[in-house]
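Trainee: So that we are looking at the same thing, I have put the structure below in structure tokens.
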Amino acid sequence: MRTKIVPPGVKHLEYEIRQIVEDAHRIAAAGASIIWENIGDPIEMGEPVTPWIREIVQELVTEDKSWGYCPSRGVNQTREFLAEQVNMRGGAQINRDGILFVNGIADAVDKVYDLVQKDARIIMPSPSYPTHSSNEAKRGEYNNLTFPLDPEQNWKPDLDDLRNKVKYNPQIVAIAFVHPDNPTGTVYSEEDMRAIVEIARQYNLFLICDEIYAHICYNGAKTLHLSSVIEDVPALSLRGISKEYPWPGARCGWFEILNQGKDEDFDEYIRALVNAKMMEVCSTTLPQMSIPRVFSDPRYPQHLKDRAAVYETRACEAYDTFKDVEGTMVTLTQGAFYFPVVFRKGVLNDKQTLPIENPNVRTLVEGMVKGVSPDKRLVYYLMGHCGICVTPLSGFHCDLLGFRMTLLQHNDARRRQTLSTLRGAIQAYIAS
Ligand SMILES: Cc1ncc(COP(=O)(O)O)c(C=O)c1O
């Protein structure tokens with residue numbers, strides 16, 4: 001080309017959760033059969049669609065309106081319904097213009113970071129979900145600006161570190177976090193949430209809270225929406241139905257825009273967000289139309305409770321599997337449906353291996369592990385040895401080494417088999 005096409009920041013567009021899949025397919029083509037433990041899709045992992053939710057969607061297919069475009073901001077009746085739900089929490093109050101629909105949170109995240117000027121920065125926790133961290137970093141040649149979540153303290157956020165970084169980096173315009181969190185499964189305490197809000201207020205920042213897992217809390221944790229604690233600080237909460245109907249293929253999510261009209265810069269940013277949405281005509285209509293019907297159905301609260309109870313059981317099961325594996329650190333997760341296993345410093349190195357029977361697979365894996373981080377090396381060996389595909393923790397923009405698996409396998413026997421195979425393989429790898 002006459003001129004270089006891409007900006008330098010595109011090298012930050014990394015999404016390990018999917019990239020590892022490509023490598024897994026190569027390993028599968030060489031003869032291994034793969035157990036997918038990397039993607040957060042409950043349907044793919046065998047959870048049946050809830051019959052009454054399916055019926056609501058089936059009824060909507062018969063309505064011609066569900067086949068058309070809807071207003072760019074989203075279906076008016078649904079936006080009114082969702083605004084009312086926010087107001088009923090008793091915190092920040094909004095009207096329907098405080099709800100903006102998008103084609104899934106991943107789509108929202110893209111816009112959120114793209115519309116922030118190049119040298120302004122958004123700080124987020126480490127580990128962080130790569131859709132957020134990569135999109136933030138791709139805007140320039142940046143390293144991510146992060147504050148740590150501490151695996152030794154149930155992944156509690158280091159608020160002193162956050163406060164200091166905000167204080168000494170005037171280019172920071174916002175704090176972003178995922179709540180409940182992916183990959184750590186942590187649910188922030190109300191005290192920590194309020195402390196984050198306070199830092200934002202003190203330094204005139206806005207907040208971004210990805211609440212895709214808001215209604216998947218267990219092991220003593222309860223849903224706490226940002227809108228309940230935000231008071232007068234401008235913020236964006238990101239919500240969706242991918243994980244809670246669950247219907248990830250609907251590509252349906254929305255912003256709760258909190259405290260518009262309190263800061264001119266924030267309002268200008270929101271106008272840009274809405275205008276960017278207008279360019280796309282609209283987001284998926286039918287899933288939006290389903291929301292008031294599903295959310296207000298008397299069966300929905302029980303549906304959420306039942307699913308949270310399932311993940312509680314599975315989180316305990318995973319915790320019990322790994323808690324006494326020497327060299328690892330695990331906590332009992334309280335939200336979302338992932339389980340991270342962290343290795344203590346010095347436990348992983350670039351010499352460890354696992355036996356791989358199939359010579360084609362072995363040769364491929366031995367080629368793949370050259371020059372990669374020690375946890376990615378483990379992940380490749382796991383795929384070659386026992387076919388289990390997990391995501392290396394270093395793919396979540398952090399210094400910790402480990403891996404993240406899901407709690408999604410619906411078949412109990414298969415899930416337990418995967419857990420015990422993983423446990424044995426890790427012990428053998430560490431000892432090798
Ligand atoms: C934290 C987080 N946000 C957003 C998404 C994607 O949500 P959506 O399907 O609405 O794009 C995921 C998917 O795994 C996620 O883990």
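Lettering and numbering for the structure tokens are positional, with chains as A, B, ... in the shown order, residues counted from 1 in each chain, and ligands counted from 1 in the shown order.
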At a cut-off of 10 Å, can you tabulate as JSON lines every residue of chain A near ligand 1 together with its closest atom pair and the distance in Å to one decimal, using only C-alpha atoms and all ligand atoms and ordering rows by chain then number?
Mentor:
```
{"residue": "A:Ile17", "atom": "CA", "partner": "ligand 1", "partner_atom_place_in_ligand_line": "14 (O)", "distance": 9.1}
{"residue": "A:Asn38", "atom": "CA", "partner": "ligand 1", "partner_atom_place_in_ligand_line": "14 (O)", "distance": 9.8}
{"residue": "A:Ile39", "atom": "CA", "partner": "ligand 1", "partner_atom_place_in_ligand_line": "14 (O)", "distance": 7.0}
{"residue": "A:Gly40", "atom": "CA", "partner": "ligand 1", "partner_atom_place_in_ligand_line": "14 (O)", "distance": 5.0}
{"residue": "A:Asp41", "atom": "CA", "partner": "ligand 1", "partner_atom_place_in_ligand_line": "14 (O)", "distance": 7.3}
{"residue": "A:Val102", "atom": "CA", "partner": "ligand 1", "partner_atom_place_in_ligand_line": "10 (O)", "distance": 8.6}
{"residue": "A:Asn103", "atom": "CA", "partner": "ligand 1", "partner_atom_place_in_ligand_line": "11 (O)", "distance": 7.0}
{"residue": "A:Gly104", "atom": "CA", "partner": "ligand 1", "partner_atom_place_in_ligand_line": "10 (O)", "distance": 3.4}
{"residue": "A:Ile105", "atom": "CA", "partner": "ligand 1", "partner_atom_place_in_ligand_line": "10 (O)", "distance": 3.7}
{"residue": "A:Ala106", "atom": "CA", "partner": "ligand 1", "partner_atom_place_in_ligand_line": "11 (O)", "distance": 3.7}
{"residue": "A:Asp107", "atom": "CA", "partner": "ligand 1", "partner_atom_place_in_ligand_line": "11 (O)", "distance": 6.2}
{"residue": "A:Ala108", "atom": "CA", "partner": "ligand 1", "partner_atom_place_in_ligand_line": "11 (O)", "distance": 7.7}
{"residue": "A:Val109", "atom": "CA", "partner": "ligand 1", "partner_atom_place_in_ligand_line": "4 (C)", "distance": 8.0}
{"residue": "A:Ser128", "atom": "CA", "partner": "ligand 1", "partner_atom_place_in_ligand_line": "1 (C)", "distance": 8.7}
{"residue": "A:Tyr129", "atom": "CA", "partner": "ligand 1", "partner_atom_place_in_ligand_line": "1 (C)", "distance": 5.9}
{"residue": "A:Pro130", "atom": "CA", "partner": "ligand 1", "partner_atom_place_in_ligand_line": "1 (C)", "distance": 8.6}
{"residue": "A:Thr131", "atom": "CA", "partner": "ligand 1", "partner_atom_place_in_ligand_line": "3 (N)", "distance": 7.4}
{"residue": "A:His132", "atom": "CA", "partner": "ligand 1", "partner_atom_place_in_ligand_line": "3 (N)", "distance": 8.1}
{"residue": "A:Phe177", "atom": "CA", "partner": "ligand 1", "partner_atom_place_in_ligand_line": "1 (C)", "distance": 8.7}
{"residue": "A:Val178", "atom": "CA", "partner": "ligand 1", "partner_atom_place_in_ligand_line": "1 (C)", "distance": 5.6}
{"residue": "A:His179", "atom": "CA", "partner": "ligand 1", "partner_atom_place_in_ligand_line": "1 (C)", "distance": 7.8}
{"residue": "A:Pro180", "atom": "CA", "partner": "ligand 1", "partner_atom_place_in_ligand_line": "1 (C)", "distance": 8.2}
{"residue": "A:Asp181", "atom": "CA", "partner": "ligand 1", "partner_atom_place_in_ligand_line": "1 (C)", "distance": 6.6}
{"residue": "A:Asn182", "atom": "CA", "partner": "ligand 1", "partner_atom_place_in_ligand_line": "1 (C)", "distance": 5.3}
{"residue": "A:Pro183", "atom": "CA", "partner": "ligand 1", "partner_atom_place_in_ligand_line": "16 (O)", "distance": 7.6}
{"residue": "A:Cys209", "atom": "CA", "partner": "ligand 1", "partner_atom_place_in_ligand_line": "1 (C)", "distance": 9.5}
{"residue": "A:Asp210", "atom": "CA", "partner": "ligand 1", "partner_atom_place_in_ligand_line": "3 (N)", "distance": 6.0}
{"residue": "A:Glu211", "atom": "CA", "partner": "ligand 1", "partner_atom_place_in_ligand_line": "1 (C)", "distance": 7.4}
{"residue": "A:Ile212", "atom": "CA", "partner": "ligand 1", "partner_atom_place_in_ligand_line": "3 (N)", "distance": 5.7}
{"residue": "A:Tyr213", "atom": "CA", "partner": "ligand 1", "partner_atom_place_in_ligand_line": "1 (C)", "distance": 7.3}
{"residue": "A:Leu238", "atom": "CA", "partner": "ligand 1", "partner_atom_place_in_ligand_line": "3 (N)", "distance": 8.2}
{"residue": "A:Arg239", "atom": "CA", "partner": "ligand 1", "partner_atom_place_in_ligand_line": "10 (O)", "distance": 7.3}
{"residue": "A:Gly240", "atom": "CA", "partner": "ligand 1", "partner_atom_place_in_ligand_line": "10 (O)", "distance": 5.2}
{"residue": "A:Ile241", "atom": "CA", "partner": "ligand 1", "partner_atom_place_in_ligand_line": "10 (O)", "distance": 6.7}
{"residue": "A:Ser242", "atom": "CA", "partner": "ligand 1", "partner_atom_place_in_ligand_line": "9 (O)", "distance": 4.8}
{"residue": "A:Lys243", "atom": "CA", "partner": "ligand 1", "partner_atom_place_in_ligand_line": "9 (O)", "distance": 7.2}
{"residue": "A:Pro246", "atom": "CA", "partner": "ligand 1", "partner_atom_place_in_ligand_line": "9 (O)", "distance": 9.6}
{"residue": "A:Trp247", "atom": "CA", "partner": "ligand 1", "partner_atom_place_in_ligand_line": "9 (O)", "distance": 8.1}
{"residue": "A:Pro248", "atom": "CA", "partner": "ligand 1", "partner_atom_place_in_ligand_line": "9 (O)", "distance": 4.9}
{"residue": "A:Gly249", "atom": "CA", "partner": "ligand 1", "partner_atom_place_in_ligand_line": "9 (O)", "distance": 7.3}
{"residue": "A:Ala250", "atom": "CA", "partner": "ligand 1", "partner_atom_place_in_ligand_line": "9 (O)", "distance": 8.0}
{"residue": "A:Arg251", "atom": "CA", "partner": "ligand 1", "partner_atom_place_in_ligand_line": "9 (O)", "distance": 5.9}
{"residue": "A:Cys252", "atom": "CA", "partner": "ligand 1", "partner_atom_place_in_ligand_line": "10 (O)", "distance": 6.0}
{"residue": "A:Gly253", "atom": "CA", "partner": "ligand 1", "partner_atom_place_in_ligand_line": "10 (O)", "distance": 5.2}
{"residue": "A:Trp254", "atom": "CA", "partner": "ligand 1", "partner_atom_place_in_ligand_line": "10 (O)", "distance": 8.4}
{"residue": "A:Ala336", "atom": "CA", "partner": "ligand 1", "partner_atom_place_in_ligand_line": "16 (O)", "distance": 8.3}
{"residue": "A:Phe337", "atom": "CA", "partner": "ligand 1", "partner_atom_place_in_ligand_line": "16 (O)", "distance": 9.1}
{"residue": "A:Tyr338", "atom": "CA", "partner": "ligand 1", "partner_atom_place_in_ligand_line": "16 (O)", "distance": 9.2}
```
Trainee: Can you tell me, as a ChimeraX atom specification, what residues are no more than 9 Å from segment 141-152 of chain A when counting only C-alpha atoms, ignoring any on the same chain fewer than 4 positions away?
Mentor: /A:7-12,121-128,133-134,136-137,156-162,165,172,184,329-331,342,397-398
Trainee: Please produce a file of the residues just selected, as an mmCIF file, in the first residue's frame, where the atoms kept are C-alpha atoms.
Mentor:
```cif
data_model
loop_
_atom_site.group_PDB
_atom_site.id
_atom_site.type_symbol
_atom_site.label_atom_id
_atom_site.label_comp_id
_atom_site.auth_asym_id
_atom_site.auth_seq_id
_atom_site.Cartn_x
_atom_site.Cartn_y
_atom_site.Cartn_z
ATOM 1 C CA PRO A 7 -2.977 2.777 13.410
ATOM 2 C CA PRO A 8 -0.291 1.414 15.746
ATOM 3 C CA GLY A 9 -2.829 0.662 18.503
ATOM 4 C CA VAL A 10 -4.443 -2.229 16.595
ATOM 5 C CA LYS A 11 -1.801 -4.570 17.977
ATOM 6 C CA HIS A 12 -3.715 -4.298 21.269
ATOM 7 C CA ARG A 121 -7.553 7.241 29.371
ATOM 8 C CA ILE A 122 -9.907 4.852 31.122
ATOM 9 C CA ILE A 123 -8.543 2.915 34.067
ATOM 10 C CA MET A 124 -9.830 -0.579 34.813
ATOM 11 C CA PRO A 125 -9.000 -3.526 37.059
ATOM 12 C CA SER A 126 -6.377 -6.139 36.343
ATOM 13 C CA PRO A 127 -7.184 -8.869 35.413
ATOM 14 C CA SER A 128 -9.608 -7.288 32.995
ATOM 15 C CA SER A 133 -8.914 -3.526 27.901
ATOM 16 C CA SER A 134 -8.103 -4.093 24.214
ATOM 17 C CA GLU A 136 -9.225 1.019 25.491
ATOM 18 C CA ALA A 137 -5.617 0.405 24.506
ATOM 19 C CA LYS A 156 -10.659 -7.237 46.451
ATOM 20 C CA PRO A 157 -9.830 -4.110 44.400
ATOM 21 C CA ASP A 158 -6.760 -2.165 45.560
ATOM 22 C CA LEU A 159 -8.476 1.180 46.032
ATOM 23 C CA ASP A 160 -5.335 2.965 47.255
ATOM 24 C CA ASP A 161 -3.632 2.078 44.006
ATOM 25 C CA LEU A 162 -6.690 3.239 42.051
ATOM 26 C CA LYS A 165 -3.212 6.408 39.710
ATOM 27 C CA ILE A 172 -7.871 9.580 33.159
ATOM 28 C CA THR A 184 -12.363 -13.445 38.668
ATOM 29 C CA MET A 329 -4.561 -20.053 44.571
ATOM 30 C CA VAL A 330 -8.338 -20.242 44.222
ATOM 31 C CA THR A 331 -11.227 -18.418 45.854
ATOM 32 C CA VAL A 342 -3.893 -18.699 39.765
ATOM 33 C CA HIS A 397 -4.129 -8.156 30.683
ATOM 34 C CA CYS A 398 -2.539 -9.005 34.006
#
```
Trainee: Run DSSP on the backbone and give me the residues of segment 193-374 of chain A it puts in strand (DSSP E), as a PyMOL selection string.
Mentor: chain A and resi 206-210+235-240+253-258+328-329+338-343
Trainee: Within 12 Å of Glu198 of chain A, counting only C-alpha atoms, which residues show up once you throw out same-chain ones fewer than 2 positions away? Write them as a ChimeraX atom specification, please.
Mentor: /A:159,162-163,166,175,191-196,200-207,229-234
Trainee: Would you save the residues from that selection as a PDB file, in the first residue's frame, using C-alpha atoms?
Mentor:
```
ATOM      1  CA  LEU A 159      -8.476   1.180  46.032  1.00  0.00           C
ATOM      2  CA  LEU A 162      -6.690   3.239  42.051  1.00  0.00           C
ATOM      3  CA  ARG A 163      -6.834   6.537  43.961  1.00  0.00           C
ATOM      4  CA  VAL A 166      -6.262   8.626  39.235  1.00  0.00           C
ATOM      5  CA  ILE A 175     -13.049   4.175  35.741  1.00  0.00           C
ATOM      6  CA  GLU A 191     -18.404  -0.282  50.540  1.00  0.00           C
ATOM      7  CA  ASP A 192     -15.914  -0.743  47.684  1.00  0.00           C
ATOM      8  CA  MET A 193     -18.502   0.308  45.095  1.00  0.00           C
ATOM      9  CA  ARG A 194     -19.225   3.474  47.058  1.00  0.00           C
ATOM     10  CA  ALA A 195     -15.486   4.134  47.420  1.00  0.00           C
ATOM     11  CA  ILE A 196     -15.053   3.903  43.633  1.00  0.00           C
ATOM     12  CA  ALA A 200     -14.913   9.416  40.511  1.00  0.00           C
ATOM     13  CA  ARG A 201     -16.728  12.290  42.219  1.00  0.00           C
ATOM     14  CA  GLN A 202     -13.555  13.712  43.763  1.00  0.00           C
ATOM     15  CA  TYR A 203     -11.644  13.746  40.455  1.00  0.00           C
ATOM     16  CA  ASN A 204     -14.565  14.566  38.153  1.00  0.00           C
ATOM     17  CA  LEU A 205     -14.609  11.267  36.288  1.00  0.00           C
ATOM     18  CA  PHE A 206     -17.447   9.173  34.956  1.00  0.00           C
ATOM     19  CA  LEU A 207     -17.941   5.459  35.617  1.00  0.00           C
ATOM     20  CA  VAL A 229     -24.984   3.702  44.711  1.00  0.00           C
ATOM     21  CA  ILE A 230     -24.026   6.218  42.033  1.00  0.00           C
ATOM     22  CA  GLU A 231     -25.776   9.248  43.588  1.00  0.00           C
ATOM     23  CA  ASP A 232     -24.968  12.234  41.299  1.00  0.00           C
ATOM     24  CA  VAL A 233     -21.880  10.926  39.437  1.00  0.00           C
ATOM     25  CA  PRO A 234     -22.314  10.499  35.657  1.00  0.00           C
TER      26      PRO A 234
END
```
Trainee: Excluding segment 259-276 of chain A and residues on its chain fewer than 6 positions from it, collect all residues at most 8 Å away from it, counting only C-alpha atoms, and give them as a list in words.
Mentor: Arg73, Ala92, Gln93, Ile94, Gly98, Leu100, Lys111, Val112, Leu115, Val116, Phe206, Asp232, Val233, Pro234 and Ala235 of chain A
Trainee: Just the residues within 10 Å of segment 349-360 of chain A, please, counting only C-alpha atoms, with nothing from its chain fewer than 6 positions along; format it as a PDB file with N, CA and C atoms, in the first residue's frame.
Mentor:
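Result written to selection37.pdb:
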```pdb
ATOM      1  N   ILE A  27      -4.962 -27.972  16.821  1.00  0.00           N
ATOM      2  CA  ILE A  27      -4.605 -29.168  17.609  1.00  0.00           C
ATOM      3  C   ILE A  27      -5.626 -30.286  17.339  1.00  0.00           C
ATOM      4  N   ALA A  29      -7.295 -30.662  14.555  1.00  0.00           N
ATOM      5  CA  ALA A  29      -7.049 -31.178  13.197  1.00  0.00           C
ATOM      6  C   ALA A  29      -5.891 -32.175  13.195  1.00  0.00           C
ATOM      7  N   ALA A  30      -4.994 -32.030  14.170  1.00  0.00           N
ATOM      8  CA  ALA A  30      -3.862 -32.966  14.243  1.00  0.00           C
ATOM      9  C   ALA A  30      -4.245 -34.260  14.966  1.00  0.00           C
ATOM     10  N   GLY A  31      -5.472 -34.324  15.492  1.00  0.00           N
ATOM     11  CA  GLY A  31      -5.925 -35.602  16.053  1.00  0.00           C
ATOM     12  C   GLY A  31      -6.447 -35.572  17.482  1.00  0.00           C
ATOM     13  N   ALA A  32      -6.445 -34.403  18.143  1.00  0.00           N
ATOM     14  CA  ALA A  32      -6.949 -34.358  19.531  1.00  0.00           C
ATOM     15  C   ALA A  32      -8.438 -34.040  19.517  1.00  0.00           C
ATOM     16  N   GLU A 366       4.541 -28.762  20.719  1.00  0.00           N
ATOM     17  CA  GLU A 366       5.928 -28.359  21.027  1.00  0.00           C
ATOM     18  C   GLU A 366       6.357 -27.149  20.193  1.00  0.00           C
ATOM     19  N   VAL A 369       4.438 -23.838  21.783  1.00  0.00           N
ATOM     20  CA  VAL A 369       4.807 -23.302  23.099  1.00  0.00           C
ATOM     21  C   VAL A 369       6.073 -22.434  23.064  1.00  0.00           C
ATOM     22  N   LYS A 370       6.723 -22.392  21.917  1.00  0.00           N
ATOM     23  CA  LYS A 370       7.985 -21.622  21.857  1.00  0.00           C
ATOM     24  C   LYS A 370       7.711 -20.128  22.055  1.00  0.00           C
ATOM     25  N   GLY A 371       8.350 -19.564  23.076  1.00  0.00           N
ATOM     26  CA  GLY A 371       8.280 -18.111  23.287  1.00  0.00           C
ATOM     27  C   GLY A 371       6.984 -17.595  23.898  1.00  0.00           C
ATOM     28  N   VAL A 372       6.080 -18.489  24.313  1.00  0.00           N
ATOM     29  CA  VAL A 372       4.813 -17.989  24.886  1.00  0.00           C
ATOM     30  C   VAL A 372       4.932 -17.861  26.407  1.00  0.00           C
ATOM     31  N   SER A 373       3.968 -17.173  27.024  1.00  0.00           N
ATOM     32  CA  SER A 373       4.012 -17.000  28.481  1.00  0.00           C
ATOM     33  C   SER A 373       3.818 -18.367  29.150  1.00  0.00           C
ATOM     34  N   PRO A 374       4.339 -18.529  30.395  1.00  0.00           N
ATOM     35  CA  PRO A 374       4.277 -19.856  31.034  1.00  0.00           C
ATOM     36  C   PRO A 374       2.853 -20.395  31.193  1.00  0.00           C
ATOM     37  N   ASP A 375       1.843 -19.511  31.358  1.00  0.00           N
ATOM     38  CA  ASP A 375       0.487 -20.068  31.519  1.00  0.00           C
ATOM     39  C   ASP A 375      -0.100 -20.491  30.171  1.00  0.00           C
ATOM     40  N   ARG A 377       1.715 -21.708  27.833  1.00  0.00           N
ATOM     41  CA  ARG A 377       2.414 -22.985  27.610  1.00  0.00           C
ATOM     42  C   ARG A 377       1.622 -24.127  28.261  1.00  0.00           C
ATOM     43  N   LEU A 378       1.207 -23.895  29.525  1.00  0.00           N
ATOM     44  CA  LEU A 378       0.402 -24.913  30.224  1.00  0.00           C
ATOM     45  C   LEU A 378      -0.880 -25.202  29.437  1.00  0.00           C
ATOM     46  N   TYR A 380      -1.513 -24.941  26.250  1.00  0.00           N
ATOM     47  CA  TYR A 380      -1.262 -25.763  25.063  1.00  0.00           C
ATOM     48  C   TYR A 380      -1.028 -27.227  25.451  1.00  0.00           C
ATOM     49  N   TYR A 381      -0.250 -27.418  26.510  1.00  0.00           N
ATOM     50  CA  TYR A 381       0.000 -28.805  26.939  1.00  0.00           C
ATOM     51  C   TYR A 381      -1.286 -29.487  27.401  1.00  0.00           C
ATOM     52  N   LEU A 382      -2.153 -28.723  28.076  1.00  0.00           N
ATOM     53  CA  LEU A 382      -3.434 -29.316  28.502  1.00  0.00           C
ATOM     54  C   LEU A 382      -4.233 -29.770  27.282  1.00  0.00           C
ATOM     55  N   MET A 383      -4.237 -28.938  26.240  1.00  0.00           N
ATOM     56  CA  MET A 383      -4.993 -29.313  25.032  1.00  0.00           C
ATOM     57  C   MET A 383      -4.415 -30.575  24.403  1.00  0.00           C
ATOM     58  N   GLY A 384      -3.093 -30.628  24.342  1.00  0.00           N
ATOM     59  CA  GLY A 384      -2.450 -31.793  23.724  1.00  0.00           C
ATOM     60  C   GLY A 384      -2.619 -33.057  24.567  1.00  0.00           C
ATOM     61  N   HIS A 385      -2.539 -32.890  25.879  1.00  0.00           N
ATOM     62  CA  HIS A 385      -2.535 -34.049  26.787  1.00  0.00           C
ATOM     63  C   HIS A 385      -3.942 -34.599  27.013  1.00  0.00           C
ATOM     64  N   CYS A 386      -4.887 -33.701  27.346  1.00  0.00           N
ATOM     65  CA  CYS A 386      -6.226 -34.209  27.687  1.00  0.00           C
ATOM     66  C   CYS A 386      -7.343 -33.493  26.914  1.00  0.00           C
ATOM     67  N   ALA A 425      -3.939 -33.255  35.773  1.00  0.00           N
ATOM     68  CA  ALA A 425      -2.993 -32.777  34.757  1.00  0.00           C
ATOM     69  C   ALA A 425      -2.138 -31.638  35.312  1.00  0.00           C
ATOM     70  N   ILE A 426      -2.755 -30.766  36.091  1.00  0.00           N
ATOM     71  CA  ILE A 426      -2.005 -29.637  36.651  1.00  0.00           C
ATOM     72  C   ILE A 426      -0.948 -30.136  37.637  1.00  0.00           C
ATOM     73  N   ALA A 428       0.454 -33.005  37.639  1.00  0.00           N
ATOM     74  CA  ALA A 428       1.521 -33.678  36.886  1.00  0.00           C
ATOM     75  C   ALA A 428       2.416 -32.645  36.197  1.00  0.00           C
ATOM     76  N   TYR A 429       1.817 -31.582  35.682  1.00  0.00           N
ATOM     77  CA  TYR A 429       2.578 -30.547  34.977  1.00  0.00           C
ATOM     78  C   TYR A 429       3.540 -29.848  35.935  1.00  0.00           C
ATOM     79  N   ILE A 430       3.022 -29.492  37.118  1.00  0.00           N
ATOM     80  CA  ILE A 430       3.868 -28.780  38.094  1.00  0.00           C
ATOM     81  C   ILE A 430       5.040 -29.671  38.518  1.00  0.00           C
ATOM     82  N   ALA A 431       4.732 -30.978  38.679  1.00  0.00           N
ATOM     83  CA  ALA A 431       5.765 -31.895  39.160  1.00  0.00           C
ATOM     84  C   ALA A 431       6.758 -32.303  38.071  1.00  0.00           C
ATOM     85  N   SER A 432       6.465 -31.994  36.814  1.00  0.00           N
ATOM     86  CA  SER A 432       7.276 -32.544  35.703  1.00  0.00           C
ATOM     87  C   SER A 432       8.674 -31.901  35.639  1.00  0.00           C
TER      88      SER A 432
END
```
Trainee: Which of these residues is nearest to Phe343 of chain A, using only C-alpha atoms: A:Val379, A:Met289, A:Leu401, A:Val57?
Mentor: A:Leu401
Trainee: Would you mind listing what lies within 12 Å of Thr223 of chain A as a list in words, with only C-alpha atoms counted and same-chain residues fewer than 3 positions away left out?
Mentor: Arg89, His179, Pro180, Thr186, Val187, Tyr188, Ser189, Glu190, Glu211, Ile212, Tyr213, Ala214, His215, Ile216, Cys217, Tyr218, Asn219, Gly220, Leu226, Ser227, Ser228, Leu304, Lys305, Ala308, Gln334, Gly335 and Ala336 of chain A
Trainee: Calculated over only C-alpha atoms, which of the candidates A:Phe101, A:Gln302, A:Lys222, A:Leu258 has the smallest distance to Leu236 of chain A?
Mentor: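 Once distances to Leu236 of chain A are computed over only C-alpha atoms, the minimum belongs to A:Leu258.
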Trainee: Compare A:Val294, A:Leu364, A:Ile257, A:Ile43 by their minimum atom-to-atom distance to Asp97 of chain A, counting only C-alpha atoms, and give me the closest one.
Mentor: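 The closest residue to Asp97 of chain A is A:Ile257.
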